[in-house]
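What follows is the content of input30.txt, which has compact mmCIF, C-alpha atoms:
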# COMPACT_ATOMS: atom_id res chain seq x y z
CA MET A 1 -15.33 -22.32 -41.92
CA ARG A 2 -11.59 -21.77 -41.47
CA LYS A 3 -10.24 -20.45 -38.19
CA PHE A 4 -6.97 -18.72 -37.29
CA LEU A 5 -5.27 -17.74 -34.03
CA LEU A 6 -3.81 -14.22 -33.86
CA LYS A 7 -1.48 -12.82 -31.21
CA ASN A 8 -3.36 -9.53 -31.10
CA ASP A 9 -5.98 -7.41 -32.87
CA ASP A 10 -3.55 -5.55 -35.21
CA ILE A 11 -5.71 -6.76 -38.07
CA LEU A 12 -8.21 -4.02 -37.17
CA ASN A 13 -5.72 -1.35 -38.22
CA ILE A 14 -5.48 -2.97 -41.66
CA LEU A 15 -9.26 -3.00 -42.00
CA TYR A 16 -9.52 0.68 -41.12
CA GLU A 17 -6.65 1.61 -43.46
CA ASN A 18 -8.46 -0.15 -46.31
CA ASN A 19 -11.82 1.51 -45.49
CA ILE A 20 -13.53 -1.82 -44.85
CA LEU A 21 -16.88 -1.56 -43.04
CA VAL A 22 -16.76 -3.28 -39.65
CA VAL A 23 -19.73 -4.07 -37.38
CA LYS A 24 -18.66 -4.29 -33.73
CA SER A 25 -20.45 -6.06 -30.85
CA ASP A 26 -19.57 -6.41 -27.17
CA ILE A 27 -20.28 -9.98 -26.11
CA SER A 28 -20.34 -11.82 -22.79
CA GLU A 29 -21.17 -15.51 -22.78
CA PHE A 30 -21.13 -18.69 -20.74
CA CYS A 31 -22.02 -22.36 -21.13
CA THR A 32 -24.89 -24.16 -19.35
CA LYS A 33 -24.71 -27.57 -21.03
CA PHE A 34 -22.02 -29.52 -22.83
CA THR A 35 -22.48 -33.14 -23.96
CA LYS A 36 -21.31 -35.13 -26.95
CA PHE A 37 -24.65 -34.29 -28.57
CA GLU A 38 -25.09 -30.57 -27.91
CA LYS A 39 -23.75 -27.39 -26.37
CA ILE A 40 -25.90 -24.55 -24.97
CA ILE A 41 -24.49 -21.03 -24.73
CA TYR A 42 -26.08 -18.01 -23.03
CA SER A 43 -24.83 -14.70 -24.39
CA LYS A 44 -25.28 -10.98 -24.03
CA LYS A 45 -24.67 -9.14 -27.30
CA ASP A 46 -24.66 -5.42 -26.69
CA GLU A 47 -28.03 -4.92 -24.93
CA LYS A 48 -29.75 -8.14 -26.05
CA TYR A 49 -29.69 -11.63 -24.57
CA PHE A 50 -29.69 -14.98 -26.39
CA ILE A 51 -29.60 -18.76 -25.97
CA THR A 52 -27.74 -20.61 -28.71
CA THR A 53 -28.01 -24.40 -29.03
CA TYR A 54 -25.42 -26.29 -31.08
CA ASN A 55 -26.44 -29.80 -32.15
CA PHE A 56 -23.28 -31.74 -33.00
CA ASN A 57 -25.04 -34.68 -34.70
CA LYS A 58 -27.16 -32.54 -37.00
CA LYS A 59 -24.48 -29.82 -37.23
CA THR A 60 -27.10 -27.16 -36.58
CA LYS A 61 -27.14 -23.91 -34.63
CA PHE A 62 -30.37 -22.49 -33.21
CA GLU A 63 -30.52 -19.08 -31.50
CA VAL A 64 -33.43 -17.41 -29.67
CA GLU A 65 -33.66 -14.11 -27.83
CA ILE A 66 -34.38 -14.27 -24.09
CA SER A 67 -34.95 -11.85 -21.20
CA LYS A 68 -32.27 -10.34 -18.97
CA ASN A 69 -33.63 -12.33 -15.99
CA GLU A 70 -33.34 -15.63 -17.86
CA TYR A 71 -29.73 -14.77 -18.65
CA LYS A 72 -28.91 -13.82 -15.04
CA GLU A 73 -30.58 -16.87 -13.48
CA ALA A 74 -29.05 -19.53 -15.74
CA LEU A 75 -26.81 -22.11 -14.04
CA LYS A 76 -23.27 -21.62 -15.36
CA ILE A 77 -20.90 -24.53 -15.92
CA SER A 78 -18.17 -22.28 -17.33
CA PRO A 79 -16.76 -18.86 -16.47
CA VAL A 80 -18.28 -15.80 -18.14
CA ILE A 81 -15.98 -14.79 -20.95
CA SER A 82 -16.01 -11.34 -22.55
CA LYS A 83 -14.88 -10.46 -26.04
CA GLN A 84 -15.38 -7.94 -28.80
CA SER A 85 -16.68 -9.30 -32.07
CA TYR A 86 -16.05 -7.60 -35.42
CA LYS A 87 -17.92 -8.70 -38.55
CA PHE A 88 -16.85 -7.64 -42.03
CA SER A 89 -16.78 -8.84 -45.64
CA ILE A 90 -13.93 -8.91 -48.16
CA GLU A 91 -14.20 -10.10 -51.76
CA GLY A 92 -17.48 -11.90 -51.09
CA SER A 93 -16.29 -13.78 -47.99
CA ASP A 94 -17.71 -13.09 -44.52
CA PHE A 95 -15.27 -12.74 -41.61
CA ILE A 96 -15.60 -12.67 -37.81
CA LEU A 97 -12.74 -11.33 -35.69
CA GLU A 98 -13.13 -12.12 -31.98
CA ASP A 99 -10.85 -10.12 -29.71
CA TYR A 100 -10.22 -11.75 -26.32
CA LYS A 101 -7.88 -10.31 -23.74
CA GLY A 102 -4.38 -11.16 -24.91
CA PHE A 103 -5.21 -12.87 -28.21
CA ALA A 104 -7.75 -12.95 -31.04
CA THR A 105 -9.31 -15.44 -33.47
CA LEU A 106 -10.35 -14.92 -37.08
CA GLU A 107 -12.99 -17.03 -38.83
CA PHE A 108 -14.16 -16.84 -42.40
CA ASP A 109 -16.67 -18.72 -44.48
CA ASN A 110 -14.73 -20.41 -47.26
CA LYS A 111 -17.58 -21.23 -49.60
CA GLU A 112 -15.00 -22.55 -52.05
CA SER A 113 -12.64 -25.21 -50.73
CA ASN A 114 -9.53 -23.57 -52.20
CA SER A 115 -10.27 -20.05 -50.95
CA ASN A 116 -7.38 -18.25 -49.26
CA LEU A 117 -7.06 -15.29 -46.94
CA PRO A 118 -7.14 -11.85 -48.60
CA THR A 119 -3.72 -10.52 -49.57
CA ILE A 120 -4.08 -7.54 -47.19
CA PHE A 121 -3.57 -10.00 -44.31
CA LYS A 122 -0.32 -11.50 -45.67
CA ASN A 123 1.90 -9.82 -43.04
CA ILE A 124 -0.30 -10.76 -40.07
CA ASP A 125 1.25 -13.36 -37.75
CA MET A 126 -1.38 -16.08 -37.48
CA LYS A 127 -1.75 -19.84 -37.09
CA GLU A 128 -4.53 -21.96 -38.59
CA ILE A 129 -6.54 -23.78 -35.90
CA THR A 130 -9.50 -24.98 -38.00
CA ASP A 131 -9.12 -28.59 -36.86
CA GLU A 132 -8.04 -27.91 -33.27
CA LYS A 133 -11.12 -28.57 -31.13
CA PHE A 134 -9.54 -26.91 -28.10
CA TYR A 135 -10.15 -23.50 -29.63
CA ASP A 136 -13.85 -24.23 -30.14
CA ASN A 137 -14.28 -24.21 -26.40
CA MET A 138 -12.61 -21.04 -25.17
CA LEU A 139 -15.37 -20.69 -22.56
CA PHE A 140 -13.65 -23.45 -20.62
CA TYR A 141 -10.20 -21.91 -21.05
CA LYS A 142 -10.79 -18.31 -20.07
CA LYS A 143 -7.23 -17.84 -18.78
CA ALA A 144 -5.41 -20.03 -21.27
CA TYR A 145 -3.08 -17.28 -22.38
CA LEU A 146 -1.79 -16.12 -19.02
CA LYS A 147 1.93 -16.82 -18.86
CA LEU A 148 3.96 -17.53 -15.72
CA ASP A 149 7.58 -16.48 -15.25
CA ASN A 150 8.87 -18.87 -12.57
CA LYS A 151 11.76 -16.67 -11.40
CA LYS A 152 9.58 -13.59 -11.05
CA ILE A 153 6.86 -15.55 -9.27
CA MET A 154 9.30 -17.01 -6.73
CA LYS A 155 10.70 -13.56 -6.03
CA VAL A 156 7.23 -12.10 -5.46
CA LEU A 157 6.03 -15.03 -3.34
CA LYS A 158 9.11 -14.89 -1.13
CA ASN A 159 8.21 -11.31 -0.17
CA SER A 160 4.41 -11.75 -0.27
CA PRO A 161 3.71 -15.46 0.37
CA PHE A 162 -0.03 -15.10 0.96
CA LEU A 163 -0.97 -13.71 -2.45
CA LYS A 164 -3.78 -15.45 -4.34
CA LEU A 165 -2.44 -17.36 -7.35
CA ILE A 166 -4.48 -17.60 -10.56
CA PHE A 167 -3.05 -20.17 -12.94
CA PRO A 168 -3.32 -20.28 -16.73
CA ASP A 169 -5.92 -22.91 -17.65
CA ASP A 170 -3.60 -24.86 -19.92
CA ILE A 171 -0.50 -24.81 -17.72
CA ASP A 172 1.19 -28.14 -17.03
CA ALA A 173 -0.18 -29.55 -13.77
CA TYR A 174 3.30 -30.37 -12.42
CA LYS A 175 4.50 -26.80 -12.93
CA ALA A 176 1.40 -25.41 -11.20
CA PHE A 177 1.83 -27.86 -8.32
CA LEU A 178 5.50 -26.95 -7.91
CA THR A 179 4.60 -23.24 -7.83
CA LEU A 180 2.02 -23.94 -5.11
CA ILE A 181 4.40 -26.04 -3.02
CA ASN A 182 6.94 -23.21 -3.14
CA GLN A 183 4.24 -20.77 -2.06
CA PHE A 184 3.20 -23.09 0.78
CA ASN A 185 6.83 -23.34 1.84
CA PHE A 186 7.16 -19.54 1.97
CA GLN A 187 3.89 -19.35 3.93
CA TYR A 188 5.13 -21.98 6.36
CA LEU A 189 8.44 -20.20 6.93
CA SER A 190 6.67 -16.87 7.46
CA THR A 191 4.25 -18.40 9.98
CA PHE A 192 7.05 -20.33 11.68
CA GLU A 193 8.94 -17.07 12.21
CA LYS A 194 5.82 -15.46 13.75
CA TYR A 195 5.34 -18.42 16.06
CA THR A 196 9.01 -18.40 17.11
CA LEU A 197 8.70 -14.73 18.09
CA THR A 198 5.32 -14.94 19.85
CA LYS A 199 4.72 -18.61 20.84
CA ASN A 200 1.09 -17.87 19.98
CA SER A 201 -1.04 -21.01 19.59
CA ASP A 202 -2.91 -19.50 16.64
CA PHE A 203 0.30 -19.53 14.59
CA LEU A 204 0.94 -23.09 15.69
CA TYR A 205 -2.52 -24.04 14.42
CA ASP A 206 -1.71 -22.34 11.10
CA LEU A 207 1.52 -24.34 10.86
CA ARG A 208 -0.38 -27.56 11.37
CA GLN A 209 -2.93 -26.57 8.73
CA LYS A 210 -0.20 -25.73 6.24
CA ILE A 211 1.50 -29.11 6.70
CA VAL A 212 -1.85 -30.85 6.18
CA GLU A 213 -2.42 -28.78 3.01
CA ILE A 214 1.00 -29.63 1.59
CA SER A 215 0.68 -33.31 2.43
CA SER A 216 -2.87 -33.57 1.03
CA LEU A 217 -1.94 -31.79 -2.18
CA LEU A 218 1.19 -33.90 -2.59
CA ASN A 219 -0.95 -37.02 -2.27
CA GLU A 220 -3.39 -35.79 -4.94
CA PHE A 221 -0.53 -35.12 -7.37
CA LYS A 222 1.40 -38.34 -6.72
CA ASP A 223 0.44 -39.70 -10.17
CA ILE A 224 2.71 -37.15 -11.83
CA ILE A 225 5.57 -37.09 -9.28
CA ASP A 226 8.55 -39.44 -9.03
CA ASP A 227 7.72 -42.23 -6.53
CA GLU A 228 10.90 -41.93 -4.49
CA ILE A 229 10.72 -38.16 -4.04
CA PHE A 230 7.02 -38.49 -3.18
CA THR A 231 7.73 -41.01 -0.41
CA ASN A 232 10.64 -38.98 1.00
CA LEU A 233 8.59 -35.79 1.11
CA GLN A 234 5.57 -37.45 2.73
CA ASN A 235 7.80 -38.93 5.44
CA LEU A 236 9.30 -35.50 6.10
CA LEU A 237 5.86 -33.91 6.27
CA ARG A 238 4.49 -36.63 8.56
CA GLN A 239 7.37 -36.17 10.98
CA ASN A 240 6.80 -32.42 11.14
CA LEU A 241 3.03 -32.84 11.47
CA ASP A 242 3.35 -35.30 14.37
CA ASN A 243 5.63 -32.90 16.25
CA ILE A 244 3.40 -29.89 15.66
CA ASP A 245 0.23 -31.79 16.54
CA GLU A 246 1.64 -32.99 19.86
CA ILE A 247 2.70 -29.47 20.90
CA TYR A 248 -0.55 -27.89 19.72
CA LYS A 249 -2.71 -30.33 21.71
CA PHE A 250 -1.06 -29.21 24.95
CA LYS A 251 -0.89 -25.51 24.12
CA SER A 252 -4.53 -25.30 23.01
CA LEU A 253 -5.68 -27.20 26.12
CA ILE A 254 -3.68 -24.83 28.33
CA ASP A 255 -5.31 -21.88 26.53
CA TYR A 256 -8.70 -23.47 27.22
CA PHE A 257 -7.97 -23.92 30.92
CA LYS A 258 -6.85 -20.29 31.18
CA THR A 259 -10.51 -19.36 30.57
CA ILE A 260 -11.65 -21.61 33.46
CA SER A 261 -11.61 -20.60 37.14
CA TYR A 262 -9.62 -22.65 39.66
CA SER A 263 -7.44 -24.24 36.99
CA LYS A 264 -4.04 -22.87 38.02
CA LYS A 265 -2.68 -26.20 39.30
CA THR A 266 -3.75 -28.00 36.15
CA ILE A 267 -2.15 -25.33 33.96
CA ASN A 268 1.12 -25.57 35.91
CA SER A 269 1.12 -29.34 35.50
CA LEU A 270 0.50 -29.18 31.75
CA GLU A 271 3.10 -26.44 31.25
CA PHE A 272 5.67 -28.59 33.07
CA VAL A 273 4.98 -31.46 30.66
CA LEU A 274 5.08 -29.09 27.70
CA LYS A 275 8.57 -27.86 28.64
CA ASN A 276 9.88 -31.36 28.11
CA GLN A 277 8.34 -31.68 24.65
CA ASN A 278 10.62 -31.43 21.63
CA GLU A 279 9.56 -28.19 19.99
CA PHE A 280 11.44 -28.68 16.74
CA PHE A 281 9.25 -28.70 13.67
CA GLY A 282 10.90 -26.43 11.17
CA PHE A 283 11.76 -28.22 7.93
CA LYS A 284 15.25 -29.60 8.16
CA LYS A 285 17.69 -28.80 5.41
CA ASP A 286 16.49 -31.86 3.58
CA LEU A 287 18.30 -32.28 0.26
CA ASN A 288 15.36 -33.95 -1.50
CA TYR A 289 13.03 -31.19 -0.38
CA GLU A 290 15.39 -28.39 -1.43
CA VAL A 291 16.02 -29.90 -4.87
CA PHE A 292 12.33 -30.62 -5.44
CA LEU A 293 11.36 -26.98 -4.79
CA GLU A 294 13.61 -25.90 -7.67
CA ASP A 295 12.55 -28.63 -10.12
CA PHE A 296 10.89 -26.41 -12.76
CA ASN A 297 12.77 -28.36 -15.45
CA GLY A 298 10.66 -31.39 -14.52
CA PHE A 299 13.35 -33.88 -13.47
CA TYR A 300 10.95 -35.43 -10.92
CA LYS A 301 7.91 -35.19 -13.21
CA LYS A 302 6.40 -38.57 -14.06
CA ASP A 303 3.65 -37.45 -16.45
CA SER A 304 2.24 -34.37 -18.23
CA LYS A 305 -1.32 -33.24 -17.58
CA ILE A 306 -3.27 -30.09 -18.42
CA LEU A 307 -4.02 -28.42 -15.08
CA LYS A 308 -7.72 -27.67 -15.54
CA GLU A 309 -8.62 -31.18 -16.66
CA PHE A 310 -6.40 -32.76 -14.00
CA VAL A 311 -7.79 -30.84 -11.03
CA ALA A 312 -11.39 -31.13 -12.30
CA ARG A 313 -11.02 -34.92 -12.21
CA LYS A 314 -9.34 -34.84 -8.79
CA ILE A 315 -11.90 -32.51 -7.20
CA ARG A 316 -14.83 -34.45 -8.65
CA PHE A 317 -13.37 -37.79 -7.51
CA ASN A 318 -12.93 -36.41 -3.99
CA LEU A 319 -16.42 -34.90 -3.98
CA VAL A 320 -17.94 -38.28 -4.82
CA LEU A 321 -15.78 -39.97 -2.16
CA VAL A 322 -16.70 -37.39 0.49
CA GLN A 323 -20.42 -37.82 -0.29
CA LYS A 324 -20.16 -41.58 0.27
CA LYS A 325 -18.21 -41.15 3.51
CA PHE A 326 -20.57 -38.45 4.79
CA ASN A 327 -23.62 -40.60 4.02
CA LYS A 328 -22.29 -43.31 6.33
CA LEU A 329 -21.90 -40.94 9.30
CA SER A 330 -24.68 -40.81 11.87
CA SER A 331 -25.22 -39.87 15.50
CA GLU A 332 -24.20 -43.45 16.33
CA SER A 333 -20.81 -43.18 14.56
CA LEU A 334 -17.62 -43.37 16.59
CA ASN A 335 -15.38 -40.31 16.85
CA SER A 336 -12.75 -42.27 14.92
CA GLU A 337 -15.18 -42.45 11.97
CA PHE A 338 -15.54 -38.67 12.02
CA PHE A 339 -11.75 -38.34 12.03
CA GLU A 340 -11.45 -40.70 9.09
CA PHE A 341 -13.97 -38.49 7.28
CA LYS A 342 -11.80 -35.49 8.22
CA ILE A 343 -8.89 -36.89 6.16
CA PHE A 344 -11.03 -36.84 3.00
CA ILE A 345 -12.36 -33.36 3.79
CA ASP A 346 -8.78 -32.12 4.26
CA SER A 347 -7.82 -33.42 0.80
CA LEU A 348 -10.86 -31.85 -0.83
CA LYS A 349 -10.29 -28.55 0.99
CA SER A 350 -6.66 -28.46 -0.12
CA LEU A 351 -7.64 -28.97 -3.78
CA LEU A 352 -10.46 -26.43 -3.72
CA LYS A 353 -8.49 -23.80 -1.81
CA SER A 354 -5.64 -24.07 -4.30
CA PHE A 355 -7.66 -24.29 -7.52
CA TYR A 356 -11.25 -23.03 -7.17
CA LEU A 357 -10.21 -19.83 -8.95
CA VAL A 358 -9.20 -21.92 -11.98
CA PHE A 359 -12.90 -22.50 -12.67
CA ASP A 360 -14.18 -19.02 -11.77
CA ILE A 361 -17.82 -20.14 -11.37
CA LYS A 362 -20.11 -19.59 -8.37
CA ILE A 363 -21.06 -23.21 -7.80
CA ILE A 364 -17.41 -24.21 -7.25
CA LYS A 365 -16.82 -21.27 -4.91
CA LYS A 366 -19.96 -22.29 -3.02
CA ILE A 367 -18.90 -25.89 -2.48
CA TYR A 368 -15.48 -24.63 -1.33
CA LYS A 369 -17.20 -22.57 1.39
CA GLU A 370 -19.25 -25.61 2.43
CA VAL A 371 -16.10 -27.76 2.64
CA LEU A 372 -14.34 -25.05 4.65
CA LYS A 373 -17.23 -24.98 7.13
CA LEU A 374 -17.07 -28.76 7.62
CA SER A 375 -13.29 -28.63 7.95
CA ILE A 376 -13.43 -26.09 10.78
CA ARG A 377 -15.99 -28.16 12.70
CA LEU A 378 -13.99 -31.36 12.21
CA ASP A 379 -10.76 -29.66 13.35
CA ASP A 380 -12.57 -28.48 16.46
CA LEU A 381 -13.93 -31.97 17.12
CA TYR A 382 -10.47 -33.49 16.65
CA ASP A 383 -8.83 -31.01 19.04
CA ARG A 384 -11.48 -31.46 21.75
CA ASN A 385 -11.04 -35.21 21.52
CA SER A 386 -7.27 -34.71 21.95
CA TRP A 387 -7.94 -32.67 25.08
CA CYS A 388 -10.01 -35.51 26.52
CA GLU A 389 -7.17 -37.96 25.83
CA ILE A 390 -4.69 -35.71 27.67
CA ILE A 391 -7.09 -35.30 30.60
CA ASN A 392 -7.40 -39.09 30.83
CA LEU A 393 -3.65 -39.21 31.47
CA TYR A 394 -3.73 -36.53 34.19
CA ASP A 395 -7.06 -37.08 35.95
CA LYS A 396 -5.59 -38.56 39.13
CA GLY A 397 -4.77 -36.92 42.43
CA GLU A 398 -6.28 -33.75 43.85
CA ASN A 399 -7.33 -32.44 40.39
CA LYS A 400 -9.35 -35.56 39.55
CA ALA A 401 -12.83 -34.13 40.24
CA PHE A 402 -12.03 -30.85 38.49
CA LEU A 403 -10.63 -32.59 35.41
CA LYS A 404 -13.58 -34.98 35.22
CA GLU A 405 -15.95 -32.01 35.26
CA GLN A 406 -14.03 -30.29 32.46
CA LYS A 407 -13.89 -33.47 30.42
CA ASP A 408 -17.67 -33.83 30.73
CA GLU A 409 -18.17 -30.26 29.49
CA ILE A 410 -15.80 -30.83 26.57
CA SER A 411 -17.63 -34.05 25.72
CA VAL A 412 -20.97 -32.22 25.66
CA PHE A 413 -19.51 -29.67 23.25
CA MET A 414 -18.18 -32.50 21.07
CA PHE A 415 -21.66 -34.03 20.98
CA GLU A 416 -23.05 -30.67 19.82
CA LEU A 417 -20.37 -30.45 17.11
CA ARG A 418 -21.22 -33.94 15.88
CA SER A 419 -24.91 -33.02 15.74
CA LYS A 420 -24.16 -29.88 13.71
CA LEU A 421 -22.06 -31.90 11.27
CA ILE A 422 -24.81 -34.49 10.78
CA GLY A 423 -27.35 -31.67 10.38
CA GLU A 424 -25.33 -30.25 7.48
CA LYS A 425 -25.13 -33.58 5.65
CA SER A 426 -28.19 -33.26 3.39
CA ASN A 427 -27.40 -29.72 2.19
CA PHE A 428 -23.74 -30.54 1.60
CA ILE A 429 -24.50 -33.65 -0.46
CA ASP A 430 -26.95 -31.69 -2.64
CA GLU A 431 -24.32 -29.00 -3.29
CA ALA A 432 -21.64 -31.63 -3.92
CA ARG A 433 -23.79 -33.38 -6.52
CA ARG A 434 -24.42 -30.13 -8.38
CA SER A 435 -20.72 -29.27 -8.36
CA SER A 436 -19.80 -32.78 -9.46
CA LYS A 437 -22.00 -32.52 -12.56
CA VAL A 438 -20.37 -29.23 -13.52
CA LEU A 439 -16.82 -30.51 -13.01
CA LYS A 440 -17.45 -33.54 -15.20
CA VAL A 441 -17.79 -31.23 -18.20
CA TYR A 442 -14.19 -30.05 -17.79
CA TYR A 443 -12.63 -33.35 -18.71
CA LYS A 444 -14.90 -34.48 -21.53
CA LYS A 445 -13.06 -35.57 -24.65
CA GLU A 446 -15.07 -33.04 -26.61
CA ILE A 447 -13.23 -30.27 -24.75
CA TYR A 448 -9.81 -31.71 -24.05
CA GLU A 449 -8.44 -32.63 -27.44
CA LYS A 450 -5.47 -30.31 -27.18
CA SER A 451 -2.21 -32.09 -27.90
CA LYS A 452 0.31 -32.62 -25.09
CA GLN A 453 3.11 -31.44 -27.33
CA ASN A 454 3.23 -28.06 -25.58
CA HIS A 455 3.58 -29.70 -22.20
Any chance you could put this one into C-alpha cells?
Amino acid sequence: MRKFLLKNDDILNILYENNILVVKSDISEFCTKFTKFEKIIYSKKDEKYFITTYNFNKKTKFEVEISKNEYKEALKISPVISKQSYKFSIEGSDFILEDYKGFATLEFDNKESNSNLPTIFKNIDMKEITDEKFYDNMLFYKKAYLKLDNKKIMKVLKNSPFLKLIFPDDIDAYKAFLTLINQFNFQYLSTFEKYTLTKNSDFLYDLRQKIVEISSLLNEFKDIIDDEIFTNLQNLLRQNLDNIDEIYKFKSLIDYFKTISYSKKTINSLEFVLKNQNEFFGFKKDLNYEVFLEDFNGFYKKDSKILKEFVARKIRFNLVLVQKKFNKLSSESLNSEFFEFKIFIDSLKSLLKSFYLVFDIKIIKKIYKEVLKLSIRLDDLYDRNSWCEIINLYDKGENKAFLKEQKDEISVFMFELRSKLIGEKSNFIDEARRSSKVLKVYYKKEIYEKSKQNH
C-alpha cells in the first residue's frame, strides 16, 4: 500500500468529473489496545459496528461485527475520531480516500511495485507518507492539524483570559507552555484587579491558586527551559506566593471569625496585625519575566518535544508518584505529611487542568475530577492548620479561652478532612492506575516516530 497526505478533499471533484463510481461511508473509531504486537480498533461504519485487530508480527488484519452496546461500553484509550471514507477503483487499482476535518489521506493498493498514481491526479497537491508511521495512528493525533497564530491568541486571551485552550496534538511543547503561561499571566492580572477593587478573600485565594499553577507547571517543563530563566522565574513566583499566602491566612481566618458570635475583639486584633502586613504581590516589572512571555522564537528553549507525548509522560509520572505518596498516608500521619502530599497533587492538578483536553477521553477527565476533589480538601486542611498556627500566637490574655475553644473546633474539622482524604485513597489509586495504563500508550515508540524536523 502507498499512502499520501492531501490538504483537502478536492480530489472528489476530479472523481465526479470523470464519472468514477465512489462508495462513501461515515466512520467513527477509537482504539482500545496498542502494543508492539497488536492494535485493536472499535469502529462504527454507517449503522454497523466492528472490532478490527491488527497483528504487527503476522501482518494480519481481522475484523468482526459487534453490537452497539459492545461498541458503547468499550474502554477507550484514544479520542473518538470521525471521518468520511470513499472507496473507488481506477485502472485496476483500489483506492481509499479518508476525509478528516482539515486534511485527507489517500491510499492505494500498488500490486505492482512500480505503479504510479493515475494521471488525473497529477495536479493534486499531495505528499507521500507511506513510510511515516505517525500517520498510521491518527487516532492518537485527532487535533494534529489545528494551527495556532500566536499574535491572534495573545490578543484574544488579553480580552478573555479564562477561555479554554485546546492545543494541536503535535505542537511543540515549549510553544504550548509559553501560550499557557501568558494565559495564566492575563488571568492573574484580571484577578488581581478584581481583588484590588473589592479586597474580597475569594479573589485572594484565586491569586494564590494561580501562582501555584504557574510554579507547578514551570517545574514540570524545566527540562525544556533555560536553567537561568527557570531559576529566576521560580524565585519571583515564590516571593509572590509567600506574600499572598501570609495575607490570605489572616483574611480567611478573619472571615471565619465573622461567622462566630462574641469574636469582635479577636477580629479587631487580627485586623490590626493585617494592616501592618505588606500587601504587595503583583508581579514586578521583572525584565526576565517580561522577555520570557514574548519568547515565541524559542530563545530560552532548551529542547524540542511533541506536546502530547511530553505531557503524557509527565502526567503518568506524577500519577505514579502520587499513588506512592498517597499509599503512605494514614490516620497516624502528621499534618506535614499531608502537606507534602499536597505539593504533588498541585503539580498533577496543574498538568491535568492545562492538558486533559489534549487527550479528549473520559478516563483522563475522570482522574482530573478526582485530583481536583483531593486538591480542594488538601487546600482546606492547609488553611485550617494555618489558622491554628495564628491562634497559637494570639491565644493569651482575655481571649485565651475563646481562642482555645475555636482552635479545638478547627482541629476537629481538620481531623474529619483527614479521614475523608484517607477514605478516598482506594478509589483514587484504582482510577490512577487505569489512567496510567492509558497514558503509557501515548509515548510508545510505535506511535511517536514523527521526526522533530518540524519542531
Pick from A:Tyr382, A:Phe359, A:Phe402, A:Phe250 nearest to Pro79 in chain A, counting only C-alpha atoms: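 Looking only at the distances to Pro79 in chain A, the closest residue turns out to be A:Phe359.
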Atom pair CA of Lys83 in chain A / CA of Leu163 in chain A: separation (Å): 27.6 Å
d(CA of Tyr86 in chain A, CA of Tyr100 in chain A) in Å: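 So the answer is 11.6 Å.
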Which residue of A:Val23, A:Ile171, A:Leu378, A:Leu204 approaches Glu246 in chain A most closely, using only C-alpha atoms: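 Among A:Val23, A:Ile171, A:Leu378, A:Leu204, it is A:Leu204 that comes nearest to Glu246 in chain A.
The smallest atom-to-atom distance between Lys349 in chain A and any of A:Asp380, A:Leu217, A:Glu17, A:Val64, using only C-alpha atoms, is found for A:Leu217.
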Nearby residues, (-13.0, -15.2, -41.2) file frame, 12 Å, all atoms listed in the file, as a ChimeraX atom specification: /A:1-6,11,85-98,104-111,115-118,121,128-130
Surrounding residues of Val371 in chain A excluding itself and chain neighbours under 3 positions, 9 Å, all atoms listed in the file, as a ChimeraX atom specification: /A:345-346,348-349,352,366-368,374-376,428
Exercise: residues within 12 Å of coordinate (-10.1, -32.0, 24.3), counting all atoms listed in the file, as a ChimeraX atom specification: /A:248-257,379-392,403-404,406-414
For Ser350 in chain A: contacts at 12 Å, all atoms listed in the file, fewer than 2 positions along chain excluded, given as a ChimeraX atom specification: /A:177,180-181,184,209-221,311,314-315,318,343-348,352-356,368,371-372,375
Pick from A:Ser435, A:Ser78, A:Asn13, A:Ser336, whichever lies nearest to Val358 in chain A using all atoms listed in the file: A:Ser78
From A:Phe186, A:Ile14, A:Asn123, A:Tyr174, residue lying nearest Ile153 in chain A [only C-alpha atoms]: A:Phe186
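Remark: for Ser28 in chain A, the closest of the candidate residues A:Tyr443, A:Tyr42, A:Phe203, A:Phe310 is A:Tyr42 (distances computed over only C-alpha atoms).
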CA of Asn57 in chain A to CA of Glu38 in chain A, straight-line distance in Å: 7.9 Å
